[in-house]
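Asker: Pasting data.cif below, which is mmCIF, C-alpha atoms, pLDDT in the B column; chains and numbers go by the auth columns.
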data_final
#
loop_
_atom_site.group_PDB
_atom_site.id
_atom_site.type_symbol
_atom_site.label_atom_id
_atom_site.label_comp_id
_atom_site.label_asym_id
_atom_site.label_seq_id
_atom_site.Cartn_x
_atom_site.Cartn_y
_atom_site.Cartn_z
_atom_site.B_iso_or_equiv
_atom_site.auth_seq_id
_atom_site.auth_asym_id
ATOM 1 C CA MET A 1 19.980 7.500 -8.105 86.00 1 A
ATOM 2 C CA GLU A 2 21.114 4.864 -5.626 91.00 2 A
ATOM 3 C CA LEU A 3 18.943 3.813 -2.683 91.00 3 A
ATOM 4 C CA ALA A 4 21.455 5.196 -0.149 91.00 4 A
ATOM 5 C CA GLU A 5 21.272 8.618 -1.825 93.00 5 A
ATOM 6 C CA ILE A 6 17.464 8.554 -1.714 94.00 6 A
ATOM 7 C CA ILE A 7 17.537 7.630 1.984 93.00 7 A
ATOM 8 C CA THR A 8 19.937 10.504 2.736 94.00 8 A
ATOM 9 C CA ARG A 9 17.775 12.952 0.789 95.00 9 A
ATOM 10 C CA VAL A 10 14.568 11.860 2.572 96.00 10 A
ATOM 11 C CA ASN A 11 16.203 11.806 6.012 95.00 11 A
ATOM 12 C CA THR A 12 17.484 15.350 5.460 96.00 12 A
ATOM 13 C CA ALA A 13 14.100 16.707 4.331 96.00 13 A
ATOM 14 C CA VAL A 14 11.870 14.724 6.729 97.00 14 A
ATOM 15 C CA PRO A 15 13.899 13.661 9.790 95.00 15 A
ATOM 16 C CA GLY A 16 12.649 10.490 11.484 94.00 16 A
ATOM 17 C CA ALA A 17 10.467 9.436 8.541 95.00 17 A
ATOM 18 C CA ILE A 18 12.489 6.393 7.510 94.00 18 A
ATOM 19 C CA VAL A 19 12.581 3.296 9.700 92.00 19 A
ATOM 20 C CA PRO A 20 16.042 1.692 9.647 88.00 20 A
ATOM 21 C CA THR A 21 16.157 -1.631 7.761 87.00 21 A
ATOM 22 C CA GLU A 22 18.890 -4.024 6.703 84.00 22 A
ATOM 23 C CA ASP A 23 21.454 -2.373 4.426 74.00 23 A
ATOM 24 C CA ASP A 24 20.598 -4.644 1.511 78.00 24 A
ATOM 25 C CA ALA A 25 16.794 -4.562 1.962 85.00 25 A
ATOM 26 C CA GLY A 26 16.225 -2.895 -1.424 91.00 26 A
ATOM 27 C CA PHE A 27 13.396 -0.678 -0.161 95.00 27 A
ATOM 28 C CA ILE A 28 12.730 2.097 2.309 95.00 28 A
ATOM 29 C CA GLN A 29 10.287 1.783 5.177 96.00 29 A
ATOM 30 C CA VAL A 30 8.395 4.945 6.107 97.00 30 A
ATOM 31 C CA GLU A 31 6.395 5.711 9.238 96.00 31 A
ATOM 32 C CA PRO A 32 2.718 6.213 8.294 97.00 32 A
ATOM 33 C CA LYS A 33 2.568 9.632 9.996 96.00 33 A
ATOM 34 C CA HIS A 34 5.330 10.921 7.680 97.00 34 A
ATOM 35 C CA TRP A 35 4.096 9.301 4.467 98.00 35 A
ATOM 36 C CA LEU A 36 2.409 12.350 2.900 98.00 36 A
ATOM 37 C CA LYS A 37 5.491 14.544 3.359 98.00 37 A
ATOM 38 C CA VAL A 38 7.792 11.827 2.040 98.00 38 A
ATOM 39 C CA ALA A 39 5.492 11.074 -0.910 98.00 39 A
ATOM 40 C CA GLN A 40 5.348 14.775 -1.840 98.00 40 A
ATOM 41 C CA LEU A 41 9.147 14.956 -1.665 98.00 41 A
ATOM 42 C CA LEU A 42 9.578 11.814 -3.782 98.00 42 A
ATOM 43 C CA LYS A 43 7.291 13.236 -6.443 98.00 43 A
ATOM 44 C CA ASP A 44 8.419 16.883 -6.488 97.00 44 A
ATOM 45 C CA ASP A 45 12.149 16.856 -5.667 97.00 45 A
ATOM 46 C CA PRO A 46 14.010 17.594 -8.923 96.00 46 A
ATOM 47 C CA GLU A 47 16.636 14.930 -8.118 95.00 47 A
ATOM 48 C CA LEU A 48 13.986 12.259 -7.463 97.00 48 A
ATOM 49 C CA ARG A 49 10.896 13.002 -9.605 97.00 49 A
ATOM 50 C CA PHE A 50 8.988 9.780 -8.960 98.00 50 A
ATOM 51 C CA ASP A 51 6.180 10.725 -11.317 97.00 51 A
ATOM 52 C CA SER A 52 4.665 7.252 -11.664 97.00 52 A
ATOM 53 C CA LEU A 53 3.048 5.087 -9.004 98.00 53 A
ATOM 54 C CA MET A 54 3.171 1.713 -10.725 98.00 54 A
ATOM 55 C CA CYS A 55 1.520 -0.398 -8.037 97.00 55 A
ATOM 56 C CA ILE A 56 0.493 -0.695 -4.407 98.00 56 A
ATOM 57 C CA THR A 57 0.623 -4.217 -3.025 97.00 57 A
ATOM 58 C CA GLY A 58 -1.149 -5.055 0.237 97.00 58 A
ATOM 59 C CA VAL A 59 0.420 -7.740 2.432 97.00 59 A
ATOM 60 C CA ASP A 60 -0.893 -9.613 5.481 96.00 60 A
ATOM 61 C CA GLU A 61 1.776 -11.122 7.748 96.00 61 A
ATOM 62 C CA GLY A 62 -0.815 -13.366 9.390 93.00 62 A
ATOM 63 C CA PRO A 63 -3.228 -13.200 12.326 91.00 63 A
ATOM 64 C CA GLU A 64 -0.513 -12.199 14.824 91.00 64 A
ATOM 65 C CA GLY A 65 1.330 -9.893 12.430 93.00 65 A
ATOM 66 C CA ARG A 66 0.862 -6.554 10.763 95.00 66 A
ATOM 67 C CA LEU A 67 -0.516 -5.370 7.464 97.00 67 A
ATOM 68 C CA TRP A 68 1.664 -3.413 5.078 97.00 68 A
ATOM 69 C CA ALA A 69 1.588 -1.714 1.735 98.00 69 A
ATOM 70 C CA ALA A 70 4.430 -1.722 -0.782 98.00 70 A
ATOM 71 C CA TYR A 71 4.435 1.280 -3.122 98.00 71 A
ATOM 72 C CA ASN A 72 6.414 0.805 -6.334 98.00 72 A
ATOM 73 C CA LEU A 73 7.463 4.155 -7.752 98.00 73 A
ATOM 74 C CA HIS A 74 9.225 5.001 -10.999 98.00 74 A
ATOM 75 C CA SER A 75 10.702 8.144 -12.465 97.00 75 A
ATOM 76 C CA MET A 76 10.022 8.152 -16.185 96.00 76 A
ATOM 77 C CA GLU A 77 12.290 11.169 -16.622 95.00 77 A
ATOM 78 C CA LEU A 78 15.256 10.032 -14.499 96.00 78 A
ATOM 79 C CA LEU A 79 14.757 6.286 -15.041 94.00 79 A
ATOM 80 C CA HIS A 80 15.066 5.078 -11.480 95.00 80 A
ATOM 81 C CA LYS A 81 12.738 3.037 -9.258 96.00 81 A
ATOM 82 C CA LEU A 82 11.938 2.789 -5.573 97.00 82 A
ATOM 83 C CA GLU A 83 9.874 0.574 -3.319 97.00 83 A
ATOM 84 C CA VAL A 84 8.411 2.168 -0.186 98.00 84 A
ATOM 85 C CA ARG A 85 6.886 -0.026 2.515 97.00 85 A
ATOM 86 C CA ILE A 86 4.514 1.190 5.194 98.00 86 A
ATOM 87 C CA PHE A 87 3.509 -1.098 8.066 97.00 87 A
ATOM 88 C CA VAL A 88 0.315 -0.679 10.107 97.00 88 A
ATOM 89 C CA ASN A 89 -1.472 -2.408 12.954 94.00 89 A
ATOM 90 C CA ARG A 90 -4.001 -4.890 11.563 90.00 90 A
ATOM 91 C CA LYS A 91 -6.847 -3.779 13.846 87.00 91 A
ATOM 92 C CA ASN A 92 -6.899 -0.003 13.569 88.00 92 A
ATOM 93 C CA GLY A 93 -3.938 1.142 11.498 87.00 93 A
ATOM 94 C CA SER A 94 -4.280 3.393 8.484 96.00 94 A
ATOM 95 C CA ILE A 95 -2.045 4.957 5.876 98.00 95 A
ATOM 96 C CA PRO A 96 -2.588 8.470 4.520 98.00 96 A
ATOM 97 C CA SER A 97 -3.940 8.358 0.970 98.00 97 A
ATOM 98 C CA VAL A 98 -1.717 9.561 -1.864 98.00 98 A
ATOM 99 C CA ALA A 99 -4.539 9.545 -4.431 97.00 99 A
ATOM 100 C CA ASN A 100 -4.208 13.328 -4.758 96.00 100 A
ATOM 101 C CA LEU A 101 -0.513 12.981 -5.688 97.00 101 A
ATOM 102 C CA TRP A 102 -0.681 9.983 -8.012 97.00 102 A
ATOM 103 C CA ARG A 103 -4.119 9.371 -9.561 96.00 103 A
ATOM 104 C CA THR A 104 -3.406 5.660 -9.961 96.00 104 A
ATOM 105 C CA ALA A 105 -3.438 5.394 -6.165 97.00 105 A
ATOM 106 C CA ASP A 106 -7.215 5.835 -6.304 96.00 106 A
ATOM 107 C CA TRP A 107 -7.664 2.310 -7.688 96.00 107 A
ATOM 108 C CA HIS A 108 -4.713 0.692 -5.916 97.00 108 A
ATOM 109 C CA GLU A 109 -5.687 1.930 -2.442 97.00 109 A
ATOM 110 C CA ARG A 110 -9.268 0.773 -2.902 97.00 110 A
ATOM 111 C CA GLU A 111 -8.051 -2.626 -4.082 97.00 111 A
ATOM 112 C CA ALA A 112 -5.675 -2.999 -1.091 97.00 112 A
ATOM 113 C CA TYR A 113 -8.573 -2.157 1.223 96.00 113 A
ATOM 114 C CA ASP A 114 -10.981 -4.525 -0.499 96.00 114 A
ATOM 115 C CA LEU A 115 -8.687 -7.537 -0.491 96.00 115 A
ATOM 116 C CA ILE A 116 -6.435 -7.016 2.560 96.00 116 A
ATOM 117 C CA GLY A 117 -8.261 -4.440 4.697 95.00 117 A
ATOM 118 C CA ILE A 118 -5.689 -1.635 4.781 96.00 118 A
ATOM 119 C CA LYS A 119 -7.431 1.695 5.393 96.00 119 A
ATOM 120 C CA PHE A 120 -6.292 4.828 3.546 97.00 120 A
ATOM 121 C CA LYS A 121 -7.144 7.976 5.451 97.00 121 A
ATOM 122 C CA GLY A 122 -8.283 10.898 3.313 96.00 122 A
ATOM 123 C CA HIS A 123 -9.025 8.874 0.180 96.00 123 A
ATOM 124 C CA PRO A 124 -11.409 10.891 -2.041 94.00 124 A
ATOM 125 C CA ASP A 125 -13.745 7.949 -2.836 93.00 125 A
ATOM 126 C CA PHE A 126 -13.082 5.228 -0.283 91.00 126 A
ATOM 127 C CA ARG A 127 -15.455 2.399 -1.106 91.00 127 A
ATOM 128 C CA ARG A 128 -15.131 -1.156 -2.303 93.00 128 A
ATOM 129 C CA ILE A 129 -14.004 -1.552 -5.886 93.00 129 A
ATOM 130 C CA LEU A 130 -13.751 -5.316 -6.536 95.00 130 A
ATOM 131 C CA LEU A 131 -16.253 -6.772 -4.100 93.00 131 A
ATOM 132 C CA PRO A 132 -19.923 -5.927 -3.486 93.00 132 A
ATOM 133 C CA TYR A 133 -20.517 -2.986 -1.125 92.00 133 A
ATOM 134 C CA ASP A 134 -22.021 -5.277 1.531 93.00 134 A
ATOM 135 C CA TRP A 135 -19.292 -7.957 1.459 92.00 135 A
ATOM 136 C CA GLU A 136 -17.930 -8.719 4.910 92.00 136 A
ATOM 137 C CA GLY A 137 -14.221 -9.189 5.425 93.00 137 A
ATOM 138 C CA HIS A 138 -11.170 -9.089 3.206 95.00 138 A
ATOM 139 C CA PRO A 139 -10.596 -12.302 1.229 93.00 139 A
ATOM 140 C CA LEU A 140 -6.785 -12.147 0.928 94.00 140 A
ATOM 141 C CA ARG A 141 -6.259 -11.894 4.676 94.00 141 A
ATOM 142 C CA LYS A 142 -4.746 -15.027 6.095 94.00 142 A
ATOM 143 C CA ASP A 143 -7.473 -15.268 8.751 92.00 143 A
ATOM 144 C CA PHE A 144 -10.369 -14.817 6.274 92.00 144 A
ATOM 145 C CA GLU A 145 -13.046 -17.469 6.415 90.00 145 A
ATOM 146 C CA THR A 146 -15.124 -17.845 3.263 88.00 146 A
ATOM 147 C CA PRO A 147 -18.807 -17.481 4.125 90.00 147 A
ATOM 148 C CA ASP A 148 -21.178 -20.352 3.428 90.00 148 A
ATOM 149 C CA TYR A 149 -23.716 -18.009 1.823 90.00 149 A
ATOM 150 C CA TYR A 150 -23.809 -14.558 0.268 91.00 150 A
ATOM 151 C CA ARG A 151 -27.272 -13.000 -0.249 92.00 151 A
ATOM 152 C CA GLY A 152 -28.842 -16.444 0.116 91.00 152 A
ATOM 153 C CA MET A 153 -26.625 -18.056 -2.515 91.00 153 A
ATOM 154 C CA PRO A 154 -24.134 -20.768 -1.553 89.00 154 A
ATOM 155 C CA VAL A 155 -20.497 -19.782 -1.876 85.00 155 A
ATOM 156 C CA PRO A 156 -18.540 -22.728 -3.291 82.00 156 A
ATOM 157 C CA LYS A 157 -15.440 -23.619 -1.336 77.00 157 A
ATOM 158 C CA ASP A 158 -14.193 -26.260 -3.773 76.00 158 A
ATOM 159 C CA LYS A 159 -12.874 -24.372 -6.791 70.00 159 A
ATOM 160 C CA ARG A 160 -11.729 -27.407 -8.801 77.00 160 A
ATOM 161 C CA GLY A 161 -13.042 -27.252 -12.327 71.00 161 A
ATOM 162 C CA TRP A 162 -12.974 -23.429 -12.418 66.00 162 A
ATOM 163 C CA GLU A 163 -9.782 -23.445 -14.506 61.00 163 A
#
Once you've parsed the file, please lay out its structure as structure tokens.
Answerer:
Amino acid sequence: MELAEIITRVNTAVPGAIVPTEDDAGFIQVEPKHWLKVAQLLKDDPELRFDSLMCITGVDEGPEGRLWAAYNLHSMELLHKLEVRIFVNRKNGSIPSVANLWRTADWHEREAYDLIGIKFKGHPDFRRILLPYDWEGHPLRKDFETPDYYRGMPVPKDKRGWE
């Protein structure tokens, strides 16, 4: 199914959910407040059947910008793909969790939180997955400053020789 057809189908079922983007963007942008309805439609609609969440990528636009998540979906039955992007405010924005729709979201949402700081409201087990529970900050944010020490141990800033 072509992207334009997917957009029409989503706009019909959930009016106002899709944020207009450039015609050749290659993805759809969804308002966070509509994400659960859109995600359910993308998974359950017989013409769409996005049964596989391949990846969630967290992105930081920089200290003055937003955070966003890119969801890469695939239909194994119908053999089509879709990228959905959801933008949030970096200070207090959150995206509804889809871990109950696609089990792989459990890991991906926790990873996006750990590394970028995107919060996923309603996640069934929302805790750090890659970093220690008491780690402060999100190391892939562009404004992250590596601490000098963690639990009394120096944190090396020069990574040469680690290859």
Asker: Choose the residue, out of A:Leu101, A:Ile28, A:Leu78, A:Leu115, that has the smallest atom-to-atom separation from A:Leu41; count all atoms listed in the file.
Answerer: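 For A:Leu41, the nearest of the candidates is A:Leu101.
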Asker: At a cut-off of 8 Å, can you tabulate as CSV every residue of stretch 10-112 of chain A near stretch 123-127 of chain A together with its closest atom pair and the distance in Å to one decimal, using only C-alpha atoms and ordering rows by chain then number?
Answerer:
residue,atom,partner,partner_atom,distance
A:Pro96,CA,A:His123,CA,7.8
A:Ser97,CA,A:His123,CA,5.2
A:Val98,CA,A:His123,CA,7.6
A:Ala99,CA,A:His123,CA,6.5
A:Asp106,CA,A:His123,CA,7.4
A:Arg110,CA,A:Phe126,CA,6.4
Asker: Specify the axis-aligned box that encloses all atoms of stretch 137-152 of chain A listed in the file after padding of 8 Å on each side, stating its centre and edge lengths in Å to one decimal as AutoDock Vina command-line options.
Answerer:
--center_x -16.8 --center_y -14.7 --center_z 4.3 --size_x 40.1 --size_y 27.3 --size_z 25.0
Asker: I'd like the contact shell of stretch 63-76 of chain A - 6 Å cut-off, all atoms listed in the file, skipping same-chain residues fewer than 2 positions apart - returned as a VMD selection string.
Answerer: chain A and resid 49 to 61 78 to 90 143
Asker: Mind giving me the straight-line distance from atom CA of A:Asp44 to atom CA of A:Val14 in Å, one decimal?
Answerer: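 If I compute the distance from atom CA of A:Asp44 to atom CA of A:Val14, I get 13.8 Å.
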Asker: One decimal, in Å: what's the spacing between atom CA of A:Ile6 and atom CA of A:His34?
Answerer: 15.5 Å
Asker: For the PyMOL selection byres ((chain A and resi 119) around 8), applied here, can you spell out every residue it catches as a PyMOL selection string?
Answerer: chain A and resi 93-95+113+117-118+120-121
Asker: Find, counting only C-alpha atoms, the residue in A:Tyr133, A:Trp35, A:Phe27, A:Phe144 that gets nearest to A:Pro15.
Answerer: A:Trp35
Asker: For stretch 81-115 of chain A, which lacks atoms in the input, supply N, CA and C atoms and format the output as an mmCIF file, keeping the file's coordinate frame.
Answerer:
data_model
loop_
_atom_site.group_PDB
_atom_site.id
_atom_site.type_symbol
_atom_site.label_atom_id
_atom_site.label_comp_id
_atom_site.auth_asym_id
_atom_site.auth_seq_id
_atom_site.Cartn_x
_atom_site.Cartn_y
_atom_site.Cartn_z
ATOM 1 N N LYS A 81 13.904 3.628 -9.930
ATOM 2 C CA LYS A 81 12.738 3.037 -9.258
ATOM 3 C C LYS A 81 12.975 2.992 -7.763
ATOM 4 N N LEU A 82 11.856 2.864 -7.028
ATOM 5 C CA LEU A 82 11.938 2.789 -5.573
ATOM 6 C C LEU A 82 10.737 2.023 -5.050
ATOM 7 N N GLU A 83 10.976 1.196 -4.049
ATOM 8 C CA GLU A 83 9.874 0.574 -3.319
ATOM 9 C C GLU A 83 9.835 1.179 -1.922
ATOM 10 N N VAL A 84 8.640 1.614 -1.518
ATOM 11 C CA VAL A 84 8.411 2.168 -0.186
ATOM 12 C C VAL A 84 7.438 1.242 0.522
ATOM 13 N N ARG A 85 7.782 0.831 1.745
ATOM 14 C CA ARG A 85 6.886 -0.026 2.515
ATOM 15 C C ARG A 85 6.413 0.720 3.756
ATOM 16 N N ILE A 86 5.115 0.553 4.028
ATOM 17 C CA ILE A 86 4.514 1.190 5.194
ATOM 18 C C ILE A 86 3.743 0.115 5.959
ATOM 19 N N PHE A 87 4.107 -0.080 7.217
ATOM 20 C CA PHE A 87 3.509 -1.098 8.066
ATOM 21 C C PHE A 87 2.482 -0.465 8.999
ATOM 22 N N VAL A 88 1.354 -1.170 9.209
ATOM 23 C CA VAL A 88 0.315 -0.679 10.107
ATOM 24 C C VAL A 88 -0.221 -1.828 10.960
ATOM 25 N N ASN A 89 -0.801 -1.447 12.075
ATOM 26 C CA ASN A 89 -1.472 -2.408 12.954
ATOM 27 C C ASN A 89 -2.683 -2.969 12.225
ATOM 28 N N ARG A 90 -2.916 -4.262 12.325
ATOM 29 C CA ARG A 90 -4.001 -4.890 11.563
ATOM 30 C C ARG A 90 -5.383 -4.503 12.067
ATOM 31 N N LYS A 91 -5.514 -4.083 13.307
ATOM 32 C CA LYS A 91 -6.847 -3.779 13.846
ATOM 33 C C LYS A 91 -7.308 -2.363 13.552
ATOM 34 N N ASN A 92 -6.428 -1.378 13.726
ATOM 35 C CA ASN A 92 -6.899 -0.003 13.569
ATOM 36 C C ASN A 92 -5.900 0.906 12.857
ATOM 37 N N GLY A 93 -4.925 0.321 12.191
ATOM 38 C CA GLY A 93 -3.938 1.142 11.498
ATOM 39 C C GLY A 93 -4.462 1.689 10.182
ATOM 40 N N SER A 94 -3.927 2.824 9.786
ATOM 41 C CA SER A 94 -4.280 3.393 8.484
ATOM 42 C C SER A 94 -3.076 4.121 7.907
ATOM 43 N N ILE A 95 -3.107 4.277 6.613
ATOM 44 C CA ILE A 95 -2.045 4.957 5.876
ATOM 45 C C ILE A 95 -2.680 6.163 5.190
ATOM 46 N N PRO A 96 -2.032 7.325 5.241
ATOM 47 C CA PRO A 96 -2.588 8.470 4.520
ATOM 48 C C PRO A 96 -2.656 8.192 3.015
ATOM 49 N N SER A 97 -3.748 8.560 2.400
ATOM 50 C CA SER A 97 -3.940 8.358 0.970
ATOM 51 C C SER A 97 -3.031 9.280 0.167
ATOM 52 N N VAL A 98 -2.501 8.744 -0.934
ATOM 53 C CA VAL A 98 -1.717 9.561 -1.864
ATOM 54 C C VAL A 98 -2.439 9.692 -3.208
ATOM 55 N N ALA A 99 -3.748 9.464 -3.199
ATOM 56 C CA ALA A 99 -4.539 9.545 -4.431
ATOM 57 C C ALA A 99 -4.525 10.947 -5.037
ATOM 58 N N ASN A 100 -4.278 11.966 -4.219
ATOM 59 C CA ASN A 100 -4.208 13.328 -4.758
ATOM 60 C C ASN A 100 -2.843 13.641 -5.372
ATOM 61 N N LEU A 101 -1.833 12.798 -5.083
ATOM 62 C CA LEU A 101 -0.513 12.981 -5.688
ATOM 63 C C LEU A 101 -0.357 12.152 -6.960
ATOM 64 N N TRP A 102 -0.744 10.895 -6.879
ATOM 65 C CA TRP A 102 -0.681 9.983 -8.012
ATOM 66 C C TRP A 102 -2.093 9.452 -8.221
ATOM 67 N N ARG A 103 -2.725 9.776 -9.321
ATOM 68 C CA ARG A 103 -4.119 9.371 -9.561
ATOM 69 C C ARG A 103 -4.304 7.857 -9.564
ATOM 70 N N THR A 104 -3.277 7.113 -9.950
ATOM 71 C CA THR A 104 -3.406 5.660 -9.961
ATOM 72 C C THR A 104 -3.607 5.097 -8.563
ATOM 73 N N ALA A 105 -3.241 5.857 -7.541
ATOM 74 C CA ALA A 105 -3.438 5.394 -6.165
ATOM 75 C C ALA A 105 -4.918 5.228 -5.841
ATOM 76 N N ASP A 106 -5.778 5.952 -6.531
ATOM 77 C CA ASP A 106 -7.215 5.835 -6.304
ATOM 78 C C ASP A 106 -7.638 4.367 -6.386
ATOM 79 N N TRP A 107 -7.308 3.723 -7.495
ATOM 80 C CA TRP A 107 -7.664 2.310 -7.688
ATOM 81 C C TRP A 107 -6.875 1.414 -6.740
ATOM 82 N N HIS A 108 -5.567 1.595 -6.693
ATOM 83 C CA HIS A 108 -4.713 0.692 -5.916
ATOM 84 C C HIS A 108 -5.046 0.699 -4.420
ATOM 85 N N GLU A 109 -5.332 1.864 -3.865
ATOM 86 C CA GLU A 109 -5.687 1.930 -2.442
ATOM 87 C C GLU A 109 -7.016 1.234 -2.185
ATOM 88 N N ARG A 110 -7.968 1.436 -3.075
ATOM 89 C CA ARG A 110 -9.268 0.773 -2.902
ATOM 90 C C ARG A 110 -9.129 -0.738 -3.016
ATOM 91 N N GLU A 111 -8.287 -1.193 -3.916
ATOM 92 C CA GLU A 111 -8.051 -2.626 -4.082
ATOM 93 C C GLU A 111 -7.373 -3.215 -2.834
ATOM 94 N N ALA A 112 -6.366 -2.519 -2.298
ATOM 95 C CA ALA A 112 -5.675 -2.999 -1.091
ATOM 96 C C ALA A 112 -6.637 -3.048 0.100
ATOM 97 N N TYR A 113 -7.558 -2.106 0.168
ATOM 98 C CA TYR A 113 -8.573 -2.157 1.223
ATOM 99 C C TYR A 113 -9.506 -3.352 1.011
ATOM 100 N N ASP A 114 -10.019 -3.468 -0.188
ATOM 101 C CA ASP A 114 -10.981 -4.525 -0.499
ATOM 102 C C ASP A 114 -10.431 -5.910 -0.159
ATOM 103 N N LEU A 115 -9.226 -6.188 -0.591
ATOM 104 C CA LEU A 115 -8.687 -7.537 -0.491
ATOM 105 C C LEU A 115 -7.931 -7.815 0.803
#
